[in-house]
Structure formats: structure tokens, C-alpha cells
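*Asks:* My structure is in my_file-v5.csv, and what it holds is CSV, C-alpha atoms and all ligand atoms:
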```csv
chain,number,residue,atom,x,y,z
A,4,MET,CA,46.3,-25.5,30.5
A,5,ILE,CA,49.2,-25.6,28.1
A,6,ALA,CA,50.0,-28.7,26.1
A,7,ILE,CA,53.2,-29.5,24.3
A,8,THR,CA,53.4,-32.1,21.5
A,9,GLY,CA,56.6,-34.1,20.9
A,10,ALA,CA,57.2,-33.6,24.7
A,11,THR,CA,59.7,-36.6,24.8
A,12,GLY,CA,61.8,-35.0,22.0
A,13,GLN,CA,64.9,-32.9,22.6
A,14,LEU,CA,63.1,-29.5,22.0
A,15,GLY,CA,60.0,-30.6,23.8
A,16,ARG,CA,61.9,-31.5,27.0
A,17,LEU,CA,63.7,-28.1,26.9
A,18,VAL,CA,60.5,-26.2,26.4
A,19,ILE,CA,59.0,-28.0,29.5
A,20,ASP,CA,62.1,-27.2,31.5
A,21,GLN,CA,61.6,-23.5,30.7
A,22,LEU,CA,57.8,-23.6,31.3
A,23,LEU,CA,58.3,-25.2,34.7
A,24,GLN,CA,60.3,-22.1,35.7
A,25,LYS,CA,57.2,-19.9,34.9
A,26,ILE,CA,54.1,-22.0,35.8
A,27,PRO,CA,53.2,-24.9,38.0
A,28,ALA,CA,53.4,-28.5,36.6
A,29,ASP,CA,49.7,-29.1,37.0
A,30,GLN,CA,49.0,-26.5,34.3
A,31,LEU,CA,51.1,-28.5,31.8
A,32,VAL,CA,50.2,-31.4,29.6
A,33,ALA,CA,52.9,-33.5,27.9
A,34,LEU,CA,51.5,-34.9,24.6
A,35,VAL,CA,53.6,-37.9,23.6
A,36,ARG,CA,53.7,-40.6,21.0
A,37,ASN,CA,55.0,-43.1,23.5
A,38,PRO,CA,53.9,-42.6,27.2
A,39,ALA,CA,56.5,-45.2,28.3
A,40,LYS,CA,59.2,-42.6,27.4
A,41,ALA,CA,57.5,-39.9,29.6
A,42,SER,CA,57.7,-41.4,33.1
A,43,ASP,CA,60.1,-38.7,34.2
A,44,LEU,CA,57.7,-36.0,33.0
A,45,GLN,CA,54.9,-37.6,35.0
A,46,ALA,CA,57.2,-37.7,38.0
A,47,ARG,CA,57.7,-33.9,37.6
A,48,GLY,CA,54.0,-33.5,38.0
A,49,LEU,CA,52.9,-33.1,34.4
A,50,GLN,CA,49.9,-34.8,33.0
A,51,VAL,CA,51.1,-37.2,30.3
A,52,ARG,CA,48.6,-38.0,27.4
A,53,ALA,CA,49.0,-40.2,24.4
A,54,ALA,CA,49.0,-38.1,21.2
A,55,ASP,CA,50.4,-39.8,18.2
A,56,TYR,CA,50.1,-37.5,15.2
A,57,THR,CA,48.8,-40.4,13.1
A,58,GLN,CA,45.9,-41.1,15.4
A,59,PRO,CA,43.1,-38.5,15.1
A,60,GLU,CA,40.8,-39.9,17.7
A,61,ALA,CA,43.5,-40.0,20.3
A,62,LEU,CA,44.4,-36.4,19.5
A,63,ASP,CA,40.8,-35.3,20.1
A,64,VAL,CA,40.9,-36.9,23.6
A,65,ALA,CA,44.4,-35.6,24.3
A,66,LEU,CA,43.4,-31.9,23.8
A,67,HIS,CA,40.5,-31.9,26.2
A,68,GLY,CA,40.7,-28.8,28.4
A,69,VAL,CA,43.8,-27.5,26.7
A,70,GLU,CA,43.8,-23.7,26.0
A,71,LYS,CA,47.2,-23.2,24.4
A,72,LEU,CA,49.0,-25.8,22.3
A,73,LEU,CA,52.6,-26.0,21.1
A,74,LEU,CA,52.7,-28.2,18.0
A,75,ILE,CA,56.4,-29.2,17.6
A,76,SER,CA,56.8,-30.2,14.0
A,77,SER,CA,57.1,-33.9,13.5
A,78,SER,CA,60.5,-35.5,12.9
A,79,GLU,CA,59.0,-37.8,10.2
A,80,VAL,CA,60.1,-35.7,7.2
A,81,GLY,CA,57.9,-36.4,4.2
A,82,HIS,CA,54.9,-37.5,6.3
A,83,ARG,CA,54.6,-34.3,8.3
A,84,LEU,CA,51.8,-32.5,6.4
A,85,GLU,CA,49.2,-35.2,7.0
A,86,GLN,CA,50.4,-35.7,10.6
A,87,HIS,CA,50.2,-31.9,11.3
A,88,ARG,CA,46.8,-31.8,9.7
A,89,ASN,CA,45.5,-34.3,12.2
A,90,VAL,CA,46.7,-32.1,15.1
A,91,ILE,CA,45.3,-28.9,13.5
A,92,GLU,CA,41.9,-30.6,13.0
A,93,ALA,CA,41.8,-31.7,16.7
A,94,ALA,CA,42.8,-28.2,17.8
A,95,LYS,CA,39.9,-26.8,15.8
A,96,LYS,CA,37.5,-29.2,17.4
A,97,SER,CA,38.8,-28.4,20.8
A,98,SER,CA,38.5,-24.7,20.3
A,99,ILE,CA,42.1,-24.1,21.2
A,100,LYS,CA,42.7,-20.5,22.0
A,101,LEU,CA,46.3,-20.4,20.7
A,102,LEU,CA,48.2,-22.8,18.5
A,103,ALA,CA,51.9,-22.2,18.4
A,104,TYR,CA,53.8,-24.0,15.6
A,105,THR,CA,57.5,-24.5,15.2
A,106,SER,CA,58.1,-23.7,11.6
A,107,ILE,CA,61.2,-22.8,9.6
A,108,LEU,CA,63.1,-19.6,9.2
A,109,ASN,CA,61.6,-17.4,6.4
A,110,ALA,CA,59.1,-20.2,5.7
A,111,GLN,CA,57.2,-18.3,3.0
A,112,ALA,CA,60.2,-17.6,0.7
A,113,SER,CA,62.7,-20.2,1.8
A,114,GLN,CA,64.2,-22.3,-1.0
A,115,MET,CA,65.1,-25.1,1.4
A,116,ASP,CA,63.7,-28.5,0.6
A,117,LEU,CA,62.6,-28.7,4.2
A,118,ALA,CA,60.5,-25.6,3.9
A,119,HIS,CA,57.7,-27.1,1.8
A,120,GLU,CA,56.0,-29.0,4.6
A,121,HIS,CA,56.4,-26.1,7.0
A,122,ARG,CA,54.9,-23.7,4.4
A,123,GLU,CA,52.0,-26.0,3.8
A,124,THR,CA,51.4,-26.5,7.5
A,125,GLU,CA,51.3,-22.8,8.1
A,126,GLN,CA,48.7,-22.6,5.3
A,127,LEU,CA,46.6,-25.3,6.9
A,128,ILE,CA,46.7,-23.5,10.3
A,129,ARG,CA,45.7,-20.2,8.7
A,130,LYS,CA,42.8,-21.8,7.0
A,131,SER,CA,41.7,-23.6,10.1
A,132,GLY,CA,40.7,-20.4,11.8
A,133,VAL,CA,42.5,-21.5,15.0
A,134,PRO,CA,44.3,-18.5,16.5
A,135,PHE,CA,48.0,-19.1,15.8
A,136,VAL,CA,51.5,-17.9,16.4
A,137,PHE,CA,54.4,-19.1,14.2
A,138,LEU,CA,57.8,-19.7,15.7
A,139,ARG,CA,59.9,-19.9,12.5
A,140,ASN,CA,63.0,-21.5,13.9
A,141,GLY,CA,66.4,-21.2,12.3
A,142,TRP,CA,69.2,-23.8,12.5
A,143,TYR,CA,70.1,-25.5,15.8
A,144,THR,CA,73.8,-25.3,16.5
A,145,GLU,CA,73.5,-28.9,17.6
A,146,ASN,CA,72.9,-29.9,13.9
A,147,TYR,CA,76.6,-29.3,13.4
A,148,THR,CA,77.9,-30.3,16.8
A,149,ALA,CA,76.4,-33.8,16.0
A,150,GLY,CA,79.2,-34.0,13.3
A,151,ILE,CA,82.0,-33.4,15.8
A,152,PRO,CA,82.8,-37.0,16.5
A,153,SER,CA,83.5,-37.7,12.8
A,154,ALA,CA,85.3,-34.4,12.4
A,155,LEU,CA,87.6,-35.5,15.3
A,156,GLN,CA,88.1,-38.9,13.8
A,157,PHE,CA,89.1,-37.7,10.3
A,158,ASN,CA,90.6,-34.4,11.3
A,159,VAL,CA,88.4,-32.5,8.8
A,160,LEU,CA,84.9,-31.0,8.9
A,161,LEU,CA,83.0,-31.7,5.8
A,162,GLY,CA,80.0,-29.8,4.4
A,163,SER,CA,78.4,-28.1,1.4
A,164,ALA,CA,77.6,-24.7,3.0
A,165,GLY,CA,80.5,-22.8,1.3
A,166,ASP,CA,80.9,-19.3,2.7
A,167,GLY,CA,77.2,-19.2,3.7
A,168,LYS,CA,76.7,-17.4,7.0
A,169,ILE,CA,74.4,-19.5,9.3
A,170,SER,CA,72.7,-17.7,12.2
A,171,LEU,CA,73.0,-20.6,14.7
A,172,ALA,CA,71.4,-20.7,18.1
A,173,ALA,CA,71.2,-23.5,20.6
A,174,ARG,CA,68.2,-25.7,20.8
A,175,ALA,CA,67.6,-24.3,24.3
A,176,ASP,CA,67.4,-20.7,22.9
A,177,TYR,CA,64.5,-21.8,20.7
A,178,ALA,CA,62.9,-23.6,23.6
A,179,ALA,CA,63.1,-20.5,25.7
A,180,ALA,CA,61.3,-18.5,22.9
A,181,ALA,CA,58.5,-21.1,22.8
A,182,ALA,CA,58.0,-20.9,26.5
A,183,GLU,CA,57.9,-17.1,26.4
A,184,VAL,CA,55.3,-17.1,23.6
A,185,LEU,CA,53.2,-19.7,25.4
A,186,THR,CA,53.1,-17.7,28.7
A,187,ARG,CA,52.6,-14.2,27.2
A,188,ASP,CA,49.3,-12.5,26.4
A,189,HIS,CA,48.4,-11.2,22.9
A,190,GLN,CA,50.4,-13.6,20.8
A,191,ALA,CA,47.7,-14.6,18.3
A,192,GLY,CA,48.6,-13.6,14.7
A,193,LYS,CA,52.3,-13.0,15.5
A,194,ILE,CA,55.1,-14.5,13.3
A,195,TYR,CA,58.6,-14.7,14.8
A,196,GLU,CA,61.7,-15.2,12.6
A,197,LEU,CA,64.0,-16.8,15.2
A,198,ALA,CA,67.8,-17.2,14.7
A,199,GLY,CA,71.0,-16.7,16.5
A,200,ASP,CA,72.5,-13.2,17.1
A,201,THR,CA,75.7,-14.2,15.4
A,202,ALA,CA,76.1,-15.9,12.1
A,203,TYR,CA,79.0,-18.3,11.4
A,204,THR,CA,80.4,-20.0,8.3
A,205,LEU,CA,81.4,-23.7,8.7
A,206,ALA,CA,85.0,-22.6,8.4
A,207,GLU,CA,84.5,-20.5,11.5
A,208,PHE,CA,82.8,-23.6,13.1
A,209,ALA,CA,85.9,-25.7,12.3
A,210,ALA,CA,88.3,-23.0,13.6
A,211,GLU,CA,86.5,-22.9,16.9
A,212,LEU,CA,86.5,-26.7,17.1
A,213,SER,CA,90.2,-26.6,16.4
A,214,ARG,CA,90.8,-24.0,19.0
A,215,GLN,CA,88.9,-25.9,21.7
A,216,THR,CA,90.5,-29.3,20.9
A,217,GLY,CA,94.0,-28.1,20.1
A,218,LYS,CA,93.9,-30.0,16.8
A,219,ASN,CA,94.0,-28.7,13.3
A,220,ILE,CA,90.5,-29.5,11.9
A,221,PRO,CA,90.0,-27.5,8.6
A,222,TYR,CA,86.7,-27.1,6.9
A,223,SER,CA,86.5,-28.9,3.5
A,224,ASN,CA,83.7,-27.7,1.2
A,225,LEU,CA,82.3,-30.4,-1.1
A,226,PRO,CA,79.8,-30.3,-4.0
A,227,GLU,CA,76.3,-31.3,-2.6
A,228,ALA,CA,76.2,-34.7,-4.4
A,229,GLU,CA,79.6,-35.6,-3.1
A,230,TYR,CA,78.8,-34.6,0.4
A,231,ARG,CA,75.5,-36.6,0.2
A,232,GLY,CA,77.4,-39.6,-1.0
A,233,ILE,CA,79.8,-39.4,1.9
A,234,LEU,CA,77.0,-39.2,4.4
A,235,GLN,CA,75.3,-42.2,2.8
A,236,GLY,CA,78.6,-44.1,2.9
A,237,ALA,CA,78.8,-43.3,6.6
A,238,GLY,CA,75.6,-45.1,7.1
A,239,LEU,CA,73.0,-42.3,7.2
A,240,PRO,CA,69.7,-43.2,5.6
A,241,ASP,CA,69.3,-41.7,2.1
A,242,TRP,CA,66.6,-39.3,3.0
A,243,LEU,CA,68.7,-37.8,5.9
A,244,ALA,CA,71.9,-37.6,3.8
A,245,SER,CA,69.9,-35.8,1.1
A,246,LEU,CA,68.3,-33.5,3.6
A,247,LEU,CA,71.6,-32.5,5.3
A,248,ALA,CA,73.4,-32.0,2.0
A,249,SER,CA,70.6,-30.0,0.4
A,250,SER,CA,70.2,-27.9,3.6
A,251,ASP,CA,73.9,-27.1,3.5
A,252,ALA,CA,73.6,-26.1,-0.2
A,253,SER,CA,70.8,-23.8,0.7
A,254,ALA,CA,72.8,-22.4,3.6
A,255,ALA,CA,75.5,-21.5,1.0
A,256,GLN,CA,72.9,-19.3,-0.6
A,257,GLY,CA,72.1,-17.6,2.6
A,258,ALA,CA,68.9,-19.5,3.5
A,259,LEU,CA,69.8,-19.8,7.1
A,260,PHE,CA,71.0,-16.2,7.7
A,261,ASP,CA,68.9,-13.8,9.7
A,262,ALA,CA,69.9,-10.5,11.2
A,263,SER,CA,66.6,-9.5,12.9
A,264,HIS,CA,67.6,-10.5,16.4
A,265,GLN,CA,64.0,-11.4,17.2
A,266,LEU,CA,65.1,-14.5,19.2
A,267,SER,CA,67.2,-12.6,21.6
A,268,GLN,CA,64.6,-9.9,21.9
A,269,LEU,CA,62.0,-12.5,22.8
A,270,ILE,CA,64.1,-14.3,25.4
A,271,GLY,CA,65.6,-11.2,26.9
A,272,ARG,CA,69.3,-12.3,26.5
A,273,THR,CA,71.8,-12.9,23.7
A,274,THR,CA,71.6,-16.3,22.0
A,275,THR,CA,74.1,-19.0,23.0
A,276,PRO,CA,77.4,-18.4,21.3
A,277,LEU,CA,78.8,-21.2,19.1
A,278,ALA,CA,81.8,-21.7,21.4
A,279,ASP,CA,79.5,-22.6,24.3
A,280,THR,CA,77.5,-25.2,22.4
A,281,ILE,CA,80.7,-26.8,21.1
A,282,LYS,CA,82.1,-26.9,24.6
A,283,VAL,CA,79.0,-28.7,25.9
A,284,ALA,CA,79.2,-31.1,22.9
A,285,LEU,CA,82.8,-31.9,23.5
A,286,ALA,CA,82.1,-32.5,27.2
A,287,GLN,CA,79.4,-35.0,26.2
A,288,GLY,CA,81.7,-36.7,23.6
A,289,GLY,CA,80.4,-34.8,20.6
A,290,SER,CA,76.6,-34.9,21.2
A,291,PRO,CA,73.9,-33.7,21.7
A,292,SER,CA,72.6,-34.8,18.4
A,293,GLY,CA,71.1,-32.6,15.8
A,294,HIS,CA,68.6,-34.8,14.0
B,301,LIG,N1,65.6,-26.0,13.5
B,301,LIG,C1,66.4,-27.0,13.4
B,301,LIG,O1,67.6,-26.9,13.2
B,301,LIG,C2,65.8,-28.4,13.4
B,301,LIG,C3,66.7,-29.5,13.5
B,301,LIG,C4,66.1,-30.8,13.6
B,301,LIG,C5,64.8,-31.0,13.6
B,301,LIG,N2,64.0,-29.9,13.6
B,301,LIG,C6,62.5,-30.0,13.7
B,301,LIG,O2,62.1,-29.6,15.0
B,301,LIG,C7,61.4,-30.7,15.6
B,301,LIG,C8,61.9,-30.7,17.1
B,301,LIG,O3,63.3,-30.9,17.1
B,301,LIG,P1,63.9,-31.9,18.1
B,301,LIG,O4,65.3,-31.7,18.1
B,301,LIG,O5,63.1,-31.9,19.4
B,301,LIG,O6,63.6,-33.3,17.4
B,301,LIG,P2,63.4,-34.8,18.1
B,301,LIG,O7,64.3,-34.8,19.3
B,301,LIG,O8,63.7,-35.8,17.0
B,301,LIG,O9,61.9,-34.8,18.5
B,301,LIG,C9,60.9,-35.0,17.6
B,301,LIG,C10,59.6,-35.3,18.4
B,301,LIG,O10,58.6,-35.5,17.5
B,301,LIG,C11,57.9,-36.6,18.0
B,301,LIG,N3,57.1,-37.3,16.9
B,301,LIG,C12,57.6,-37.8,15.8
B,301,LIG,N4,56.6,-38.5,15.1
B,301,LIG,C13,55.5,-38.4,15.9
B,301,LIG,C14,54.2,-38.8,15.8
B,301,LIG,N5,53.8,-39.6,14.7
B,301,LIG,N6,53.3,-38.5,16.7
B,301,LIG,C15,53.7,-37.8,17.8
B,301,LIG,N7,54.9,-37.3,18.0
B,301,LIG,C16,55.8,-37.6,17.0
B,301,LIG,C17,58.9,-37.5,18.6
B,301,LIG,O11,58.4,-38.5,19.4
B,301,LIG,P3,59.3,-39.6,20.1
B,301,LIG,O12,59.9,-39.0,21.3
B,301,LIG,O13,58.3,-40.7,20.4
B,301,LIG,O14,60.3,-40.0,19.1
B,301,LIG,C18,59.8,-36.5,19.3
B,301,LIG,O15,59.2,-36.2,20.6
B,301,LIG,C19,61.8,-31.9,14.8
B,301,LIG,O16,60.7,-32.9,14.9
B,301,LIG,C20,61.9,-31.3,13.4
B,301,LIG,O17,60.6,-31.2,12.8
B,301,LIG,C21,64.5,-28.6,13.5
```
Could you write out this file's structure as C-alpha cells?
*Replies:*
Amino acid sequence: MIAITGATGQLGRLVIDQLLQKIPADQLVALVRNPAKASDLQARGLQVRAADYTQPEALDVALHGVEKLLLISSSEVGHRLEQHRNVIEAAKKSSIKLLAYTSILNAQASQMDLAHEHRETEQLIRKSGVPFVFLRNGWYTENYTAGIPSALQFNVLLGSAGDGKISLAARADYAAAAAEVLTRDHQAGKIYELAGDTAYTLAEFAAELSRQTGKNIPYSNLPEAEYRGILQGAGLPDWLASLLASSDASAAQGALFDASHQLSQLIGRTTTPLADTIKVALAQGGSPSGH
């Protein structure tokens, strides 16, 4: 059986969509923080089990009979290491045969603030002795399409990524990669650096947005602190505003660029072009959200 944590999240749901194209629902276990959010997954034939990362006993029960586990990194930035540790301990007790973890691009050397918890999680997994595969995910295009409504409101796209090239891929591309790895043999010990085939600057993002909307929406690059302040002023919590601004600043230094094409090789097709994800977001009124 294959189990997916964070199954009610955006990536988790897309991974399940992909897995259902490959294997029957009764081979899949949706591990969720809140089972009430997972009635649709149950209706699709998956087992739904409660698995809050903060509750070790529940995790032990939830992993019963599971052979392969996808640990989708928690969204609770700053609390992730202890949460992930609980899942890894439970995986060890359950003799999981393959633990796939959604890490960050270039986790070992990345200068991004976000990379610390991923790097430390990777170390915990290595030390646990559980066979592992790391899916080092680059940036979702949706992280930037989430900013489309405000770009359209103010006729400007703000950021701090300078001329940094960002190898964007759609969340669904990363989900397809996870489904591949979970259904292929001989994945233990592999580390995938996953990112889009094409890299874009935020000016190129703004140009594509302008083209599709018929409006003139230039990109305006701001110092990190100024951009953080604007995000805070727009109502984002401090931690998220800091995270977005510092991630952009790292992207300006090339932290989110990758030319290895491992993602498209893994999923057997080119990654989703920026224009397609912008088109979907515009059709949905600027969503789907990034964070
Ligand atoms: N590569 C990128 O560009 C990028 C961008 C954003 C995030 N990320 C990372 O990738 C992960 C998946 O992305 P996403 O878009 O699917 O994020 P998401 O939609 O926010 O989903 C996060 C999932 O984590 C679950 N979760 C959070 N705390 C938990 C806990 N204590 N116990 C059990 N589950 C918990 C959430 O459960 P609920 O459904 O109950 O809320 C949700 O299912 C994120 O959590 C984050 O670590 C990557």
C-alpha cells in the first residue's frame, strides 16, 4: 500500500489524482490532519486515516500495513523539523520500505531560508535508516500566479527577484513526479532535483501576464525589506511576508534556477509552460494559490 501525507493539501490531492491513473484506489491511503476534509477522497475509494504530524501515536497507527510513504513537507514553517521527525520515527517503527520526501531544490547547498528545515529533515531521514528518495522540488508557478489579483488591481507586479531566472513548473508537474517515483521500482537512494524546463524572470512573468490580459503590467523590482513591508501592509502575516521576500531575494541570486531537466525526464513530457499556468489562474480569477 502507498500512503500520502498532507493528502487534503493542494499537492497531495494532485498526487492522488495521478496515482489513481496508475493503481487502484484500494491500494492508496490518504493520511490527513483533518478527516472531515477528506470525504471526497473516501468517496473515491481511498482509505482515509488521521495522521497529524504532531501526534506520534496516531502516526504509528496510521502507517499500519503501508509499504511506501510520501511525506509531503508540512506547511507549518518553523515547526516542520519536529513534525517531520514524528513521521520519520513512525516510518522506522513500521518498517516502511520507501520514504519519499518533498524537499527543496538543491537542498544541501541552497542559501534560501526555507532550505534549513528541508536540509535537516533530509539528515534525519538518512540517519533513520529508512530507505528514502528525495524529491527536491523547485518553485511552483502557482507561487506567483497567486499574486495576479493584486498585480491586476495595481497594474504592476512587485517582487525582489531582480533578473534571477526561476525554473518554474506547475504544482501538477511535481505531483506527477511523485506519483512516478512511488510506482517505480528501485527508487531507494535516489535524489531528484526537480524544476521546470524553462526558467523565467519576473519581468518575463509580467510580460506574459500583460499579453494575456491586454493590460500593461510591468515588473517593479524592490529591495527585499521594502517588498516585505508591502506584503505585510497588504495583510500577510509577518512570517509569510518575510519568507516570500527572502525567497525572491535568493531567487535573484539564482537559488531557484536549474537546468538539469530531471523533472521532465521523470514525467516523460515537458513541464507546463508559464503561459498555461497563467491562463488557468486567470480563468479562476487569479488563483490557484501558492502558499
Ligand atoms: N515548492 C514550492 O514552490 C512550494 C510552495 C509552497 C509550499 N511548499 C511546500 O510543499 C508542501 C505541499 O505544498 P501544497 O501546495 O500542497 O501546500 P498546502 O496546500 O498548504 O498543503 C499542506 C498540507 O500539509 C498538511 N499539514 C500541515 N500541517 C500538518 C500537520 N500538523 N499534520 C498533518 N498534516 C499537516 C495540510 O493539512 P490540512 O489540509 O489539514 O491543512 C495540507 O494538507 C507545503 O506544505 C510546503 O511545505 C512548496
*Asks:* Could you pull the residues within 8 Å of Ala262 of chain A, counting all atoms listed in the file, minus those fewer than 2 positions along the same chain, as number ranges by chain?
*Replies:* A: 170, 198, 200, 260, 264
*Asks:* Pick from A:Asp29, A:Glu125, A:Glu120, A:Asp43: nearest to ligand LIG 301 (chain B), with all atoms listed in the file counted?
*Replies:* A:Glu120
*Asks:* Residues around (49.2, -21.8, 19.4), cut-off 7 Å, counting all atoms listed in the file - what are they as a VMD selection string?
*Replies:* chain A and resid 71 to 73 101 to 104 134 to 136
*Asks:* Within 6 Å of ligand LIG 301 (chain B), counting all atoms listed in the file, which protein or nucleic acid residues do you find, written as a ChimeraX atom specification?
*Replies:* /A:9-15,35-37,54-57,75-79,140-143,293-294
*Asks:* In terms of the shortest atom-to-atom distance over only C-alpha atoms, which of A:Ala154, A:Ala244, A:Leu171, A:Leu197 is closest to Thr216 of chain A?
*Replies:*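 Between A:Ala154, A:Ala244, A:Leu171, A:Leu197, the residue approaching Thr216 of chain A most closely is A:Ala154.
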*Asks:* Go ahead and find all residues with at least one atom no further than 12 Å from (87.4, -36.7, 9.9) in the file's coordinates, using all atoms listed in the file; report them as a PyMOL selection string.
*Replies:* chain A and resi 150-162+209+218-223+233+237
*Asks:* Counting all atoms listed in the file, figure out which residue out of A:Val32, A:Leu277, A:Val18, A:Val51 gets nearest to Phe208 of chain A.
*Replies:* A:Leu277
*Asks:* Given the choices A:Glu183, A:Asp188, A:Glu207, A:Glu196, which gets closest to Phe137 of chain A if the distance is worked out from all atoms listed in the file?
*Replies:*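 Looking at the shortest contact to Phe137 of chain A, the residue is A:Glu196.
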*Asks:* Quick one: distance from atom CA of Leu266 of chain A to atom CA of Ala112 of chain A in Å, one decimal?
*Replies:*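 Taking atom CA of Leu266 of chain A as the start and atom CA of Ala112 of chain A as the end point, the length is 19.4 Å.
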*Asks:* Out of A:Ala278, A:Ala94, A:Met115, A:Leu108, which residue has the shortest atom-to-atom distance to Ser213 of chain A when counting only C-alpha atoms?
*Replies:*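 Closest to Ser213 of chain A of all the choices is A:Ala278.
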